[in-house]
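Q: Here you go, one structure.
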Amino acid sequence: MDVHSWRGHFPSDKSTTFEIKVTFAPRSNPDECEQQIRVELAGRQRFLDEEDNYVPALHANPKSDRRWQHKSMSQRSTPQSADSHCDDVDRKIVADVRDLKIRFRRADDTVYAVNGVSFQVKAHEKIAFVGESGCGKTVTGLSLLGLLPKSATLSGTIEINGRNLLSLSKDELRDVRGREVAAVFQDPMTSLNPVLTIGEQLNETLSAHAKIGRRDARVRSAELLQLVGISGGSERLKSFPHQLSGGMRQRVMIAMAIAMKPAILVADEPTTALDVTTQALVLEQLCNLTEEFDTSLVLITHDLSVVARIVDRVIVMYAGFIVESAPSIPLYRTPAHPYTVGLLNSVPRLGGNATTYRPIEGSLPDARVEPHGCPFEQRCAWRLAKCKEEMPALKPHGGSVNHLVACHNPVLPTEIRLGRPEERLRRTSTTNMTEEI
Ligand SMILES: Nc1ncnc2c1ncn2[C@@H]1O[C@H](COP(=O)(O)OP(=O)(O)O)[C@@H](O)[C@H]1O
Ligand code: SF4
Ligand SMILES: [Mg+2]
């Protein structure tokens with residue numbers, strides 16, 4: 001192993017020093033780690049992938065990083081859900097969701113919003129739920145907070161630190177919210193009170209969950225603002241939400257959400273309303289803070305490109321189902337579900353041309369019809385005859401227990417860029433494909 005290190009300080013802030021340590025590791029065990037180069041910046045680990053892209057760290061504590069340790073297949077359990085198997089098998093499970101079904105019963109019909117999803121969130125883990133609008137990401141996130149509307153009926157289990165939310169009283173739920181699970185939503189203006197200063201709102205959050213005096217709450221609030229990159233601490237506390245920019249309001253929301261050091265932070269499209277430059281900054285801050293506060297992050301987004309370098313694991317949802325789940329690098333390199341491939345190919349690439357940008361044709365199935373067979377069947381170029389009748393189970397793919405796919409006919413690596421099945425290989429095995437492929 002070859003280690004190089006450099007020390008320096010940031011030009012904009014000469015008081016902050018940093019050390020960059022680069023470790024070149026031999027590729028002795030390709031199963032455990034796809035990166036060859038480890039970078040430590042200011043004590044935090046960062047990884048570079050094969051294209052020298054900067055990949056945020058897996059978790060906060062470099063000393064506990066086990067990506068570099070060998071873990072044999074026998075040490076890993078067989079998954080039955082989109083669980084985290086990417087690293088520490090013994091890391092604490094903070095959220096354990098099993099066979100969650102969410103329905104909205106209305107006068108004339110039922111909306112089948114979530115159709116039996118199972119997943120775990122482990123301590124310090126960052127996961128992203130991705131999928132088009134209407135796939136069930138938000139209601140899944142809200143279920144972790146016990147915040148679904150009264151019209152929703154739920155079945156399955158949602159355990160947060162071992163307590164099943166579905167069996168808690170309203171008061172117990174309130175206690176879990178904020179202290180154990182907190183949330184940041186897309187539009188901070190709907191969550192912030194326009195007639196209270198941000199200081200008053202931060203103080204209120206702090207004193208709602210802990211015994212804290214007014215003076216301490218003020219000091220803590222100013223500290224929190226500083227942590228989310230808002231300078232001028234105590235003066236800023238006197239500002240009303242409308243006096244802040246969109247990016248700042250979202251950072252205030254992050255400060256409020258993280259204030260009680262929750263076990264999990266659910267961030268639902270937290271940067272969608274912001275401009276692209278601010279998006280990147282706010283996301284970076286969100287990640288750094290969750291690392292600093294030992295909080296697991298559940299990031300919800302319709303934009304796969306946003307989460308590429310941020311999370312440890314991506315869960316792809318379609319029509320209320322989990323269709324693929326994998327650590328982020330394998331998911332981006334070798335997506336196996338036709339829907340994930342469609343999502344990736346519909347992200348415009350820098351330097352790409354019109355042929356590399358292909359939106360997925362068609363639309364989501366009607367959520368008011370009870371699902372039967374694979375929900376992606378109507379839009380899928382890989383479909384087989386049985387896809388219409390049989391919903392495939394989520395199971396390990398490509399010899400990796402970390403990579404789970406629910407598909408009867410997964411995409412081959414050579415077909416990813418192509419965006420459709422290879423004619424030569426598929427014609428014989430399909431019965432109802434269109435002639436065009
Ligand atoms: N309060 C509600 N009443 C009825 N249907 C709802 C309600 N909230 C969400 N839905 C439906 O549940 C499905 C999933 O919605 P949502 O979780 O918001 O999707 P996403 O966040 O992935 O865009 C959609 O079909 C949506 O119309
Ligand atoms: S191949 Fe079949 S199971 Fe797989 S996504 Fe397409 S329709 Fe669904
Ligand atoms: Mg949503």
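In the structure tokens, the first chain shown is A, the next is B, and so on; residue numbers restart at 1 for each chain, and ligands run from 1 in the order shown.
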Ligand 2: which residues are within 9 Å, counting only C-alpha atoms and all ligand atoms? Reply as a PyMOL selection string.
A: chain A and resi 323+337-339+373-388+390-392+405-411
Q: Report the closest atom pair, with its distance in Å rounded to one decimal, for each residue of chain A that has an atom no farther than 12 Å from ligand 3; count only C-alpha atoms and all ligand atoms, sort by chain and then rising residue number, and write it as JSON lines.
A:
{"residue": "A:Ala113", "atom": "CA", "partner": "ligand 3", "partner_atom_place_in_ligand_line": "1 (Mg)", "distance": 11.4}
{"residue": "A:Phe129", "atom": "CA", "partner": "ligand 3", "partner_atom_place_in_ligand_line": "1 (Mg)", "distance": 10.0}
{"residue": "A:Val130", "atom": "CA", "partner": "ligand 3", "partner_atom_place_in_ligand_line": "1 (Mg)", "distance": 9.7}
{"residue": "A:Gly131", "atom": "CA", "partner": "ligand 3", "partner_atom_place_in_ligand_line": "1 (Mg)", "distance": 9.2}
{"residue": "A:Glu132", "atom": "CA", "partner": "ligand 3", "partner_atom_place_in_ligand_line": "1 (Mg)", "distance": 8.7}
{"residue": "A:Ser133", "atom": "CA", "partner": "ligand 3", "partner_atom_place_in_ligand_line": "1 (Mg)", "distance": 6.2}
{"residue": "A:Gly134", "atom": "CA", "partner": "ligand 3", "partner_atom_place_in_ligand_line": "1 (Mg)", "distance": 6.8}
{"residue": "A:Cys135", "atom": "CA", "partner": "ligand 3", "partner_atom_place_in_ligand_line": "1 (Mg)", "distance": 7.9}
{"residue": "A:Gly136", "atom": "CA", "partner": "ligand 3", "partner_atom_place_in_ligand_line": "1 (Mg)", "distance": 7.0}
{"residue": "A:Lys137", "atom": "CA", "partner": "ligand 3", "partner_atom_place_in_ligand_line": "1 (Mg)", "distance": 5.6}
{"residue": "A:Thr138", "atom": "CA", "partner": "ligand 3", "partner_atom_place_in_ligand_line": "1 (Mg)", "distance": 4.1}
{"residue": "A:Val139", "atom": "CA", "partner": "ligand 3", "partner_atom_place_in_ligand_line": "1 (Mg)", "distance": 7.3}
{"residue": "A:Thr140", "atom": "CA", "partner": "ligand 3", "partner_atom_place_in_ligand_line": "1 (Mg)", "distance": 9.2}
{"residue": "A:Gly141", "atom": "CA", "partner": "ligand 3", "partner_atom_place_in_ligand_line": "1 (Mg)", "distance": 8.8}
{"residue": "A:Leu142", "atom": "CA", "partner": "ligand 3", "partner_atom_place_in_ligand_line": "1 (Mg)", "distance": 9.7}
{"residue": "A:Phe185", "atom": "CA", "partner": "ligand 3", "partner_atom_place_in_ligand_line": "1 (Mg)", "distance": 9.4}
{"residue": "A:Gln186", "atom": "CA", "partner": "ligand 3", "partner_atom_place_in_ligand_line": "1 (Mg)", "distance": 8.9}
{"residue": "A:Asp187", "atom": "CA", "partner": "ligand 3", "partner_atom_place_in_ligand_line": "1 (Mg)", "distance": 11.7}
{"residue": "A:Val266", "atom": "CA", "partner": "ligand 3", "partner_atom_place_in_ligand_line": "1 (Mg)", "distance": 11.9}
{"residue": "A:Ala267", "atom": "CA", "partner": "ligand 3", "partner_atom_place_in_ligand_line": "1 (Mg)", "distance": 10.5}
{"residue": "A:Asp268", "atom": "CA", "partner": "ligand 3", "partner_atom_place_in_ligand_line": "1 (Mg)", "distance": 6.8}
{"residue": "A:Glu269", "atom": "CA", "partner": "ligand 3", "partner_atom_place_in_ligand_line": "1 (Mg)", "distance": 7.2}
{"residue": "A:Pro270", "atom": "CA", "partner": "ligand 3", "partner_atom_place_in_ligand_line": "1 (Mg)", "distance": 10.5}
{"residue": "A:Thr272", "atom": "CA", "partner": "ligand 3", "partner_atom_place_in_ligand_line": "1 (Mg)", "distance": 10.7}
{"residue": "A:Leu299", "atom": "CA", "partner": "ligand 3", "partner_atom_place_in_ligand_line": "1 (Mg)", "distance": 11.0}
{"residue": "A:Ile300", "atom": "CA", "partner": "ligand 3", "partner_atom_place_in_ligand_line": "1 (Mg)", "distance": 7.4}
{"residue": "A:Thr301", "atom": "CA", "partner": "ligand 3", "partner_atom_place_in_ligand_line": "1 (Mg)", "distance": 7.4}
{"residue": "A:His302", "atom": "CA", "partner": "ligand 3", "partner_atom_place_in_ligand_line": "1 (Mg)", "distance": 7.9}
{"residue": "A:Asp303", "atom": "CA", "partner": "ligand 3", "partner_atom_place_in_ligand_line": "1 (Mg)", "distance": 11.3}
{"residue": "A:Met317", "atom": "CA", "partner": "ligand 3", "partner_atom_place_in_ligand_line": "1 (Mg)", "distance": 11.4}
{"residue": "A:Gly320", "atom": "CA", "partner": "ligand 3", "partner_atom_place_in_ligand_line": "1 (Mg)", "distance": 11.8}
Q: Pull N, CA and C atoms from the residues just selected and write them as a compact mmCIF listing (two decimals), in the first residue's frame.
A:
# COMPACT_ATOMS: atom_id res chain seq x y z
N ALA A 113 -50.78 2.70 -3.46
CA ALA A 113 -49.60 3.58 -3.51
C ALA A 113 -48.30 2.83 -3.28
N PHE A 129 -34.00 6.94 -2.34
CA PHE A 129 -35.12 6.35 -3.06
C PHE A 129 -35.29 7.16 -4.33
N VAL A 130 -35.21 6.49 -5.48
CA VAL A 130 -35.38 7.22 -6.73
C VAL A 130 -36.51 6.59 -7.55
N GLY A 131 -37.02 7.37 -8.45
CA GLY A 131 -38.11 6.89 -9.31
C GLY A 131 -38.89 8.10 -9.78
N GLU A 132 -39.69 7.88 -10.84
CA GLU A 132 -40.49 8.99 -11.37
C GLU A 132 -41.53 9.44 -10.35
N SER A 133 -42.12 10.54 -10.65
CA SER A 133 -43.17 11.08 -9.81
C SER A 133 -44.34 10.08 -9.75
N GLY A 134 -44.84 9.82 -8.57
CA GLY A 134 -46.00 8.92 -8.41
C GLY A 134 -45.61 7.49 -8.10
N CYS A 135 -44.31 7.22 -7.90
CA CYS A 135 -43.86 5.84 -7.65
C CYS A 135 -44.03 5.40 -6.20
N GLY A 136 -44.32 6.31 -5.31
CA GLY A 136 -44.54 5.94 -3.91
C GLY A 136 -43.40 6.32 -2.99
N LYS A 137 -42.50 7.16 -3.46
CA LYS A 137 -41.34 7.53 -2.63
C LYS A 137 -41.76 8.38 -1.43
N THR A 138 -42.57 9.39 -1.70
CA THR A 138 -42.95 10.30 -0.61
C THR A 138 -43.77 9.57 0.45
N VAL A 139 -44.75 8.78 0.03
CA VAL A 139 -45.57 8.11 1.05
C VAL A 139 -44.74 7.11 1.85
N THR A 140 -43.74 6.49 1.20
CA THR A 140 -42.84 5.60 1.94
C THR A 140 -42.07 6.41 2.98
N GLY A 141 -41.55 7.57 2.56
CA GLY A 141 -40.82 8.45 3.49
C GLY A 141 -41.72 8.93 4.62
N LEU A 142 -42.95 9.32 4.29
CA LEU A 142 -43.87 9.81 5.32
C LEU A 142 -44.23 8.71 6.32
N PHE A 185 -38.43 18.81 3.75
CA PHE A 185 -39.24 18.67 2.54
C PHE A 185 -38.81 19.66 1.47
N GLN A 186 -39.44 19.48 0.28
CA GLN A 186 -39.02 20.25 -0.89
C GLN A 186 -39.13 21.75 -0.70
N ASP A 187 -40.27 22.20 -0.19
CA ASP A 187 -40.51 23.63 -0.13
C ASP A 187 -40.46 24.11 1.32
N VAL A 266 -35.15 12.08 6.94
CA VAL A 266 -35.79 11.83 5.66
C VAL A 266 -35.80 13.16 4.90
N ALA A 267 -35.12 13.21 3.77
CA ALA A 267 -35.07 14.45 2.99
C ALA A 267 -35.78 14.19 1.66
N ASP A 268 -36.98 14.77 1.53
CA ASP A 268 -37.80 14.50 0.35
C ASP A 268 -37.63 15.62 -0.67
N GLU A 269 -36.94 15.33 -1.76
CA GLU A 269 -36.64 16.30 -2.82
C GLU A 269 -36.16 17.61 -2.19
N PRO A 270 -35.15 17.57 -1.32
CA PRO A 270 -34.81 18.78 -0.56
C PRO A 270 -34.25 19.92 -1.39
N THR A 272 -34.98 20.30 -4.92
CA THR A 272 -35.65 20.42 -6.22
C THR A 272 -36.02 21.87 -6.53
N LEU A 299 -32.68 9.86 1.42
CA LEU A 299 -32.87 10.94 0.46
C LEU A 299 -33.85 10.48 -0.61
N ILE A 300 -34.87 11.29 -0.83
CA ILE A 300 -35.88 10.95 -1.83
C ILE A 300 -35.75 11.90 -3.01
N THR A 301 -35.64 11.33 -4.19
CA THR A 301 -35.49 12.20 -5.37
C THR A 301 -35.97 11.51 -6.63
N HIS A 302 -36.41 12.33 -7.60
CA HIS A 302 -36.78 11.74 -8.89
C HIS A 302 -35.57 11.76 -9.81
N ASP A 303 -34.48 12.38 -9.34
CA ASP A 303 -33.33 12.65 -10.20
C ASP A 303 -32.14 11.78 -9.83
N MET A 317 -37.63 2.75 -7.03
CA MET A 317 -39.05 2.39 -6.87
C MET A 317 -39.80 2.61 -8.17
N GLY A 320 -44.91 1.76 -6.78
CA GLY A 320 -45.12 1.25 -5.42
C GLY A 320 -44.33 0.00 -5.09
Q: Among range 264-399 of chain A, which residues does DSSP mark as alpha helix (DSSP H) when it is run on the backbone? Keep the chain and numbering as in the structure and answer as a ChimeraX atom specification.
A: /A:276-292,304-307,328-333,338-345
Q: Extract, using only C-alpha atoms, all DNA, RNA and protein residues at most 9 Å from range 240-257 of chain A, discarding same-chain residues fewer than 5 positions from it, and format them as a compact mmCIF listing (two decimals) with N, CA and C atoms, in the first residue's frame.
A:
# COMPACT_ATOMS: atom_id res chain seq x y z
N GLY A 178 -38.90 13.87 15.18
CA GLY A 178 -38.02 14.94 15.67
C GLY A 178 -36.85 14.36 16.42
N VAL A 181 -36.75 10.36 14.17
CA VAL A 181 -36.82 10.56 12.72
C VAL A 181 -37.22 12.01 12.46
N ALA A 182 -36.47 12.68 11.62
CA ALA A 182 -36.81 14.05 11.28
C ALA A 182 -36.89 14.17 9.77
N ALA A 183 -37.45 15.29 9.30
CA ALA A 183 -37.65 15.40 7.85
C ALA A 183 -37.33 16.79 7.33
N VAL A 184 -36.90 16.81 6.08
CA VAL A 184 -36.75 18.06 5.34
C VAL A 184 -37.55 17.87 4.05
N PHE A 185 -38.43 18.81 3.75
CA PHE A 185 -39.24 18.67 2.54
C PHE A 185 -38.81 19.66 1.47
N GLN A 186 -39.44 19.48 0.28
CA GLN A 186 -39.02 20.25 -0.89
C GLN A 186 -39.13 21.75 -0.70
N ASP A 187 -40.27 22.20 -0.19
CA ASP A 187 -40.51 23.63 -0.13
C ASP A 187 -40.46 24.11 1.32
N PRO A 188 -39.36 24.76 1.72
CA PRO A 188 -39.25 25.16 3.12
C PRO A 188 -40.32 26.15 3.54
N MET A 189 -40.87 26.92 2.56
CA MET A 189 -41.88 27.90 2.94
C MET A 189 -43.14 27.25 3.50
N SER A 191 -43.05 24.61 5.37
CA SER A 191 -42.72 24.06 6.68
C SER A 191 -42.35 25.15 7.69
N LEU A 192 -41.83 26.28 7.19
CA LEU A 192 -41.45 27.36 8.12
C LEU A 192 -42.66 28.26 8.37
N ASN A 193 -42.76 28.76 9.59
CA ASN A 193 -43.85 29.66 9.92
C ASN A 193 -43.46 31.08 9.50
N PRO A 194 -44.24 31.70 8.58
CA PRO A 194 -43.82 33.01 8.05
C PRO A 194 -43.85 34.13 9.08
N VAL A 195 -44.60 33.96 10.18
CA VAL A 195 -44.71 35.08 11.13
C VAL A 195 -43.76 34.94 12.32
N LEU A 196 -42.97 33.88 12.35
CA LEU A 196 -41.99 33.74 13.43
C LEU A 196 -40.58 33.87 12.86
N THR A 197 -39.67 34.45 13.64
CA THR A 197 -38.28 34.53 13.18
C THR A 197 -37.70 33.11 13.16
N ILE A 198 -36.62 32.95 12.42
CA ILE A 198 -36.04 31.60 12.38
C ILE A 198 -35.46 31.22 13.75
N GLY A 199 -35.03 32.24 14.51
CA GLY A 199 -34.54 31.98 15.87
C GLY A 199 -35.65 31.39 16.73
N GLN A 201 -38.24 29.83 15.75
CA GLN A 201 -38.61 28.48 15.29
C GLN A 201 -37.57 27.43 15.69
N LEU A 202 -36.30 27.82 15.63
CA LEU A 202 -35.25 26.89 16.06
C LEU A 202 -35.36 26.62 17.56
N THR A 205 -38.15 24.24 18.31
CA THR A 205 -37.80 22.84 18.00
C THR A 205 -36.94 22.26 19.12
N LEU A 206 -35.96 23.04 19.55
CA LEU A 206 -35.04 22.53 20.58
C LEU A 206 -35.76 22.27 21.89
N SER A 221 -29.03 27.51 18.78
CA SER A 221 -29.61 27.86 17.48
C SER A 221 -28.57 28.54 16.60
N LEU A 224 -26.20 26.04 15.33
CA LEU A 224 -26.79 25.23 14.26
C LEU A 224 -26.77 25.97 12.93
N LEU A 225 -27.06 27.28 12.99
CA LEU A 225 -27.02 28.06 11.75
C LEU A 225 -25.62 28.05 11.16
N LEU A 227 -23.43 25.77 11.56
CA LEU A 227 -23.17 24.43 11.02
C LEU A 227 -23.72 24.24 9.62
N VAL A 228 -24.85 24.89 9.34
CA VAL A 228 -25.41 24.74 7.99
C VAL A 228 -24.91 25.84 7.05
N GLY A 229 -23.87 26.53 7.48
CA GLY A 229 -23.20 27.48 6.59
C GLY A 229 -23.86 28.84 6.52
N ILE A 230 -24.67 29.20 7.54
CA ILE A 230 -25.26 30.55 7.54
C ILE A 230 -24.49 31.39 8.55
N PRO A 262 -31.38 13.32 15.24
CA PRO A 262 -32.25 12.16 15.01
C PRO A 262 -31.44 10.98 14.46
N LEU A 265 -32.73 10.97 9.08
CA LEU A 265 -33.27 12.19 8.47
C LEU A 265 -33.85 11.81 7.11
N ALA A 267 -35.12 13.21 3.77
CA ALA A 267 -35.07 14.45 2.99
C ALA A 267 -35.78 14.19 1.66
N PRO A 270 -35.15 17.57 -1.32
CA PRO A 270 -34.81 18.78 -0.56
C PRO A 270 -34.25 19.92 -1.39
N THR A 271 -33.78 19.61 -2.61
CA THR A 271 -33.14 20.68 -3.38
C THR A 271 -33.84 20.95 -4.71
N ALA A 273 -36.37 22.64 -5.49
CA ALA A 273 -36.82 24.02 -5.75
C ALA A 273 -35.64 24.99 -5.88
N LEU A 274 -34.42 24.51 -5.75
CA LEU A 274 -33.27 25.41 -5.75
C LEU A 274 -32.54 25.39 -7.10
N ASP A 275 -31.76 26.45 -7.36
CA ASP A 275 -31.01 26.44 -8.61
C ASP A 275 -29.86 25.43 -8.50
N THR A 278 -26.86 26.01 -6.05
CA THR A 278 -27.26 25.93 -4.65
C THR A 278 -27.60 24.49 -4.28
N GLN A 279 -28.20 23.76 -5.23
CA GLN A 279 -28.54 22.35 -4.99
C GLN A 279 -27.33 21.58 -4.50
N LEU A 281 -24.54 22.62 -3.21
CA LEU A 281 -24.04 23.06 -1.90
C LEU A 281 -24.91 22.54 -0.76
N VAL A 282 -26.21 22.65 -0.96
CA VAL A 282 -27.13 22.21 0.10
C VAL A 282 -27.02 20.70 0.32
N GLN A 285 -23.89 19.91 2.18
CA GLN A 285 -24.04 20.26 3.58
C GLN A 285 -24.91 19.24 4.33
N LEU A 286 -25.96 18.83 3.66
CA LEU A 286 -26.86 17.84 4.25
C LEU A 286 -26.07 16.56 4.58
N LEU A 289 -23.53 17.11 7.44
CA LEU A 289 -24.18 17.19 8.75
C LEU A 289 -24.66 15.84 9.25
Q: So, with only C-alpha atoms and all ligand atoms as the atoms that count, which of A:Pro330, A:Glu200, A:Glu370, A:Arg179 lies closest to ligand 1?
A: A:Glu370
Q: How far is it from CA of Lys126 in chain A to CA of Ile322 in chain A, in Å with one decimal?
A: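 For CA of Lys126 in chain A relative to CA of Ile322 in chain A, the distance reads 17.0 Å.
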